[in-house]
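Right, one structure below, let's go through it.
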Amino acid sequence: MREFILPILLLAGLAGCAATTSKPENYGSFVTGTSPANQKAVVDDVMKRLMTTYPPAHTRLNLQHPTADAFGAALVASMRTKGYALGEYKAQAAPAPAGATAAVNFAYVFDQPAGTDLHRVTLLVNNQSLSRVYETKDGVITPAGYWVRKE
């Protein structure tokens with residue numbers, strides 16, 4: 001019986017690792033009914049934080065999911081305007097050519113907990129995340145706290 005404990009624990013650990021792999025469907029905007037003005041306010045705030053943490057002229061970002069939503073389109077347009085080198089999402093990413101600068105993986109989640117006036121933005125840059133919560137009062141969205149960085 002003791003001989004089976006270690007292999008079972010190893011298989012359970014591998015199953016846990018396999019369950020944490022992320023798919024493109026797990027990223028993007030999951031908020032509906034937000035006005036374009038509120039989305040622009042959030043995008044502007046996201047860009048301020050992104051620019052202080054990852055300077056535009058020195059950072060190449062590779063999108064890890066399609067940006068088919070309005071929030072993603074506004075974010076990508078703002079990133080390009082500010083000077084980020086941005087690689088589009090491709091289902092089968094080709095390896096980087098030799099001599100190319102290292103790119104950083106980038107994804108975002110814009111969601112809203114059910115039954116609340118709160119919104120949350122999470123930026124995933126390689127293995128780090130930046131998150132901030134926003135609240136809606138009288139139709140205007142404002143930050144409800146500080147940026148939180150998880151390394």
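Residues are named by chain letter and number: chains run A, B, ... in the order of the structure tokens, numbers start at 1 in each chain, and ligands are numbered from 1 in the order shown.
For His58 in chain A, the non-local neighbours within 12 Å, defined as residues at least 5 positions apart in the same chain or in other chains and counting only C-alpha atoms, are Met51, Thr52, Thr53, Lys82, Gly83, Tyr84, Ala85, Leu86, Thr101, Ala102, Ala103 and Val104 of chain A.
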Let me see the file: selected residues, N, CA, C and O atoms, as a PDB file, in the first residue's frame.
```pdb
ATOM      1  N   MET A  51       2.138  52.069 -18.117  1.00  0.00           N
ATOM      2  CA  MET A  51       3.288  52.862 -18.556  1.00  0.00           C
ATOM      3  C   MET A  51       4.310  53.061 -17.441  1.00  0.00           C
ATOM      4  O   MET A  51       5.504  53.147 -17.711  1.00  0.00           O
ATOM      5  N   THR A  52       3.859  53.128 -16.189  1.00  0.00           N
ATOM      6  CA  THR A  52       4.819  53.287 -15.098  1.00  0.00           C
ATOM      7  C   THR A  52       5.532  51.986 -14.780  1.00  0.00           C
ATOM      8  O   THR A  52       6.686  51.996 -14.352  1.00  0.00           O
ATOM      9  N   THR A  53       4.862  50.864 -15.000  1.00  0.00           N
ATOM     10  CA  THR A  53       5.452  49.565 -14.671  1.00  0.00           C
ATOM     11  C   THR A  53       6.252  48.989 -15.840  1.00  0.00           C
ATOM     12  O   THR A  53       7.310  48.397 -15.633  1.00  0.00           O
ATOM     13  N   LYS A  82       0.343  54.914 -27.470  1.00  0.00           N
ATOM     14  CA  LYS A  82       1.358  55.279 -26.476  1.00  0.00           C
ATOM     15  C   LYS A  82       2.746  54.742 -26.821  1.00  0.00           C
ATOM     16  O   LYS A  82       3.712  55.069 -26.150  1.00  0.00           O
ATOM     17  N   GLY A  83       2.854  53.883 -27.840  1.00  0.00           N
ATOM     18  CA  GLY A  83       4.170  53.447 -28.289  1.00  0.00           C
ATOM     19  C   GLY A  83       4.565  52.021 -27.955  1.00  0.00           C
ATOM     20  O   GLY A  83       5.733  51.665 -28.077  1.00  0.00           O
ATOM     21  N   TYR A  84       3.616  51.187 -27.548  1.00  0.00           N
ATOM     22  CA  TYR A  84       3.948  49.786 -27.273  1.00  0.00           C
ATOM     23  C   TYR A  84       4.046  48.994 -28.567  1.00  0.00           C
ATOM     24  O   TYR A  84       3.242  49.194 -29.484  1.00  0.00           O
ATOM     25  N   ALA A  85       5.039  48.116 -28.634  1.00  0.00           N
ATOM     26  CA  ALA A  85       5.115  47.147 -29.717  1.00  0.00           C
ATOM     27  C   ALA A  85       4.212  45.998 -29.289  1.00  0.00           C
ATOM     28  O   ALA A  85       4.428  45.386 -28.250  1.00  0.00           O
ATOM     29  N   LEU A  86       3.186  45.740 -30.071  1.00  0.00           N
ATOM     30  CA  LEU A  86       2.145  44.804 -29.668  1.00  0.00           C
ATOM     31  C   LEU A  86       1.989  43.709 -30.700  1.00  0.00           C
ATOM     32  O   LEU A  86       1.664  43.981 -31.853  1.00  0.00           O
ATOM     33  N   THR A 101      14.063  40.953 -29.893  1.00  0.00           N
ATOM     34  CA  THR A 101      13.987  41.246 -28.468  1.00  0.00           C
ATOM     35  C   THR A 101      12.912  40.380 -27.834  1.00  0.00           C
ATOM     36  O   THR A 101      11.915  40.036 -28.463  1.00  0.00           O
ATOM     37  N   ALA A 102      13.125  40.034 -26.585  1.00  0.00           N
ATOM     38  CA  ALA A 102      12.182  39.175 -25.892  1.00  0.00           C
ATOM     39  C   ALA A 102      10.870  39.905 -25.678  1.00  0.00           C
ATOM     40  O   ALA A 102      10.834  41.051 -25.244  1.00  0.00           O
ATOM     41  N   ALA A 103       9.793  39.224 -25.994  1.00  0.00           N
ATOM     42  CA  ALA A 103       8.461  39.788 -25.813  1.00  0.00           C
ATOM     43  C   ALA A 103       7.873  39.291 -24.504  1.00  0.00           C
ATOM     44  O   ALA A 103       8.228  38.227 -24.015  1.00  0.00           O
ATOM     45  N   VAL A 104       6.980  40.084 -23.957  1.00  0.00           N
ATOM     46  CA  VAL A 104       6.319  39.768 -22.707  1.00  0.00           C
ATOM     47  C   VAL A 104       4.891  39.344 -23.019  1.00  0.00           C
ATOM     48  O   VAL A 104       4.204  40.010 -23.798  1.00  0.00           O
TER      49      VAL A 104
END
```
(message) Let's see if you can do this: from backbone DSSP, list all helix (DSSP H, G or I) residues in range 11-151 of chain A, as a ChimeraX atom specification.
(response) /A:11-19,24-26,36-53,56-58,70-82
Deliver the residues from the most recent selection as a file, using N, CA and C atoms, as a short mmCIF file (atom, residue, chain, number, x, y, z; two decimals), in the first residue's frame.
```cif
data_model
loop_
_atom_site.label_atom_id
_atom_site.label_comp_id
_atom_site.auth_asym_id
_atom_site.auth_seq_id
_atom_site.Cartn_x
_atom_site.Cartn_y
_atom_site.Cartn_z
N LEU A 11 0.66 12.01 -9.39
CA LEU A 11 -0.41 12.15 -10.39
C LEU A 11 -1.39 13.25 -9.99
N ALA A 12 -1.69 13.34 -8.71
CA ALA A 12 -2.59 14.40 -8.25
C ALA A 12 -1.96 15.78 -8.49
N GLY A 13 -0.66 15.90 -8.25
CA GLY A 13 0.04 17.16 -8.51
C GLY A 13 0.04 17.52 -9.97
N LEU A 14 0.27 16.53 -10.84
CA LEU A 14 0.24 16.79 -12.28
C LEU A 14 -1.15 17.18 -12.75
N ALA A 15 -2.17 16.55 -12.19
CA ALA A 15 -3.54 16.90 -12.56
C ALA A 15 -3.84 18.34 -12.15
N GLY A 16 -3.34 18.77 -11.01
CA GLY A 16 -3.53 20.15 -10.57
C GLY A 16 -2.84 21.13 -11.50
N CYS A 17 -1.66 20.78 -11.97
CA CYS A 17 -0.95 21.65 -12.91
C CYS A 17 -1.70 21.75 -14.24
N ALA A 18 -2.23 20.63 -14.69
CA ALA A 18 -2.96 20.62 -15.95
C ALA A 18 -4.24 21.44 -15.85
N ALA A 19 -4.84 21.48 -14.68
CA ALA A 19 -6.09 22.21 -14.50
C ALA A 19 -5.87 23.71 -14.48
N PRO A 24 -7.50 30.99 -24.10
CA PRO A 24 -7.89 32.34 -24.53
C PRO A 24 -9.31 32.72 -24.12
N GLU A 25 -10.19 31.74 -23.93
CA GLU A 25 -11.58 32.03 -23.55
C GLU A 25 -11.67 32.57 -22.13
N ASN A 26 -10.62 32.39 -21.32
CA ASN A 26 -10.63 32.85 -19.94
C ASN A 26 -10.27 34.33 -19.81
N PRO A 36 -19.27 53.67 -23.28
CA PRO A 36 -17.94 53.89 -23.85
C PRO A 36 -17.11 54.90 -23.04
N ALA A 37 -17.76 55.89 -22.43
CA ALA A 37 -17.03 56.87 -21.61
C ALA A 37 -16.42 56.19 -20.39
N ASN A 38 -17.17 55.28 -19.76
CA ASN A 38 -16.64 54.57 -18.60
C ASN A 38 -15.52 53.62 -19.01
N GLN A 39 -15.66 52.95 -20.14
CA GLN A 39 -14.59 52.08 -20.62
C GLN A 39 -13.33 52.88 -20.91
N LYS A 40 -13.50 54.07 -21.50
CA LYS A 40 -12.34 54.92 -21.79
C LYS A 40 -11.67 55.36 -20.49
N ALA A 41 -12.44 55.67 -19.45
CA ALA A 41 -11.87 56.07 -18.17
C ALA A 41 -11.04 54.93 -17.58
N VAL A 42 -11.53 53.71 -17.69
CA VAL A 42 -10.78 52.56 -17.17
C VAL A 42 -9.54 52.32 -18.01
N VAL A 43 -9.66 52.39 -19.33
CA VAL A 43 -8.50 52.21 -20.22
C VAL A 43 -7.44 53.26 -19.93
N ASP A 44 -7.84 54.51 -19.73
CA ASP A 44 -6.87 55.56 -19.42
C ASP A 44 -6.14 55.27 -18.11
N ASP A 45 -6.87 54.79 -17.11
CA ASP A 45 -6.25 54.46 -15.83
C ASP A 45 -5.32 53.26 -15.97
N VAL A 46 -5.74 52.27 -16.75
CA VAL A 46 -4.89 51.10 -17.00
C VAL A 46 -3.61 51.52 -17.69
N MET A 47 -3.72 52.43 -18.66
CA MET A 47 -2.53 52.86 -19.39
C MET A 47 -1.55 53.61 -18.50
N LYS A 48 -2.06 54.42 -17.56
CA LYS A 48 -1.17 55.12 -16.64
C LYS A 48 -0.34 54.12 -15.84
N ARG A 49 -1.00 53.10 -15.33
CA ARG A 49 -0.30 52.10 -14.52
C ARG A 49 0.65 51.26 -15.38
N LEU A 50 0.19 50.86 -16.54
CA LEU A 50 1.02 50.03 -17.42
C LEU A 50 2.28 50.79 -17.84
N MET A 51 2.14 52.07 -18.12
CA MET A 51 3.29 52.86 -18.56
C MET A 51 4.31 53.06 -17.44
N THR A 52 3.86 53.13 -16.19
CA THR A 52 4.82 53.29 -15.10
C THR A 52 5.53 51.99 -14.78
N THR A 53 4.86 50.86 -15.00
CA THR A 53 5.45 49.56 -14.67
C THR A 53 6.25 48.99 -15.84
N PRO A 56 6.76 52.07 -22.42
CA PRO A 56 6.33 51.74 -23.78
C PRO A 56 7.44 51.49 -24.78
N ALA A 57 8.44 52.31 -24.84
CA ALA A 57 9.47 52.17 -25.87
C ALA A 57 10.42 51.00 -25.60
N HIS A 58 10.34 50.42 -24.42
CA HIS A 58 11.24 49.34 -24.04
C HIS A 58 10.54 48.00 -23.83
N ALA A 70 -15.20 45.55 -27.02
CA ALA A 70 -14.97 47.00 -27.14
C ALA A 70 -13.87 47.47 -26.18
N PHE A 71 -13.84 46.92 -24.96
CA PHE A 71 -12.80 47.30 -24.01
C PHE A 71 -11.42 46.91 -24.55
N GLY A 72 -11.28 45.71 -25.07
CA GLY A 72 -10.01 45.26 -25.62
C GLY A 72 -9.56 46.08 -26.81
N ALA A 73 -10.52 46.43 -27.68
CA ALA A 73 -10.17 47.25 -28.84
C ALA A 73 -9.67 48.62 -28.41
N ALA A 74 -10.33 49.21 -27.40
CA ALA A 74 -9.89 50.52 -26.89
C ALA A 74 -8.53 50.41 -26.21
N LEU A 75 -8.31 49.33 -25.47
CA LEU A 75 -7.03 49.13 -24.79
C LEU A 75 -5.89 48.95 -25.79
N VAL A 76 -6.11 48.12 -26.80
CA VAL A 76 -5.08 47.88 -27.82
C VAL A 76 -4.78 49.16 -28.59
N ALA A 77 -5.81 49.91 -28.96
CA ALA A 77 -5.59 51.18 -29.68
C ALA A 77 -4.80 52.16 -28.82
N SER A 78 -5.12 52.23 -27.54
CA SER A 78 -4.40 53.12 -26.64
C SER A 78 -2.95 52.68 -26.45
N MET A 79 -2.73 51.37 -26.36
CA MET A 79 -1.37 50.86 -26.21
C MET A 79 -0.52 51.21 -27.42
N ARG A 80 -1.09 51.07 -28.60
CA ARG A 80 -0.34 51.40 -29.82
C ARG A 80 -0.07 52.89 -29.91
N THR A 81 -1.06 53.70 -29.52
CA THR A 81 -0.88 55.16 -29.55
C THR A 81 0.23 55.59 -28.61
N LYS A 82 0.34 54.91 -27.47
CA LYS A 82 1.36 55.28 -26.48
C LYS A 82 2.75 54.74 -26.82
#
```
(request) Find the residues near range 113-129 of chain A: any atom within 8 Å, counting only C-alpha atoms, skip ones fewer than 5 places away on the same chain, and give them as a ChimeraX atom specification. (result) /A:104-108,134-137,148-151
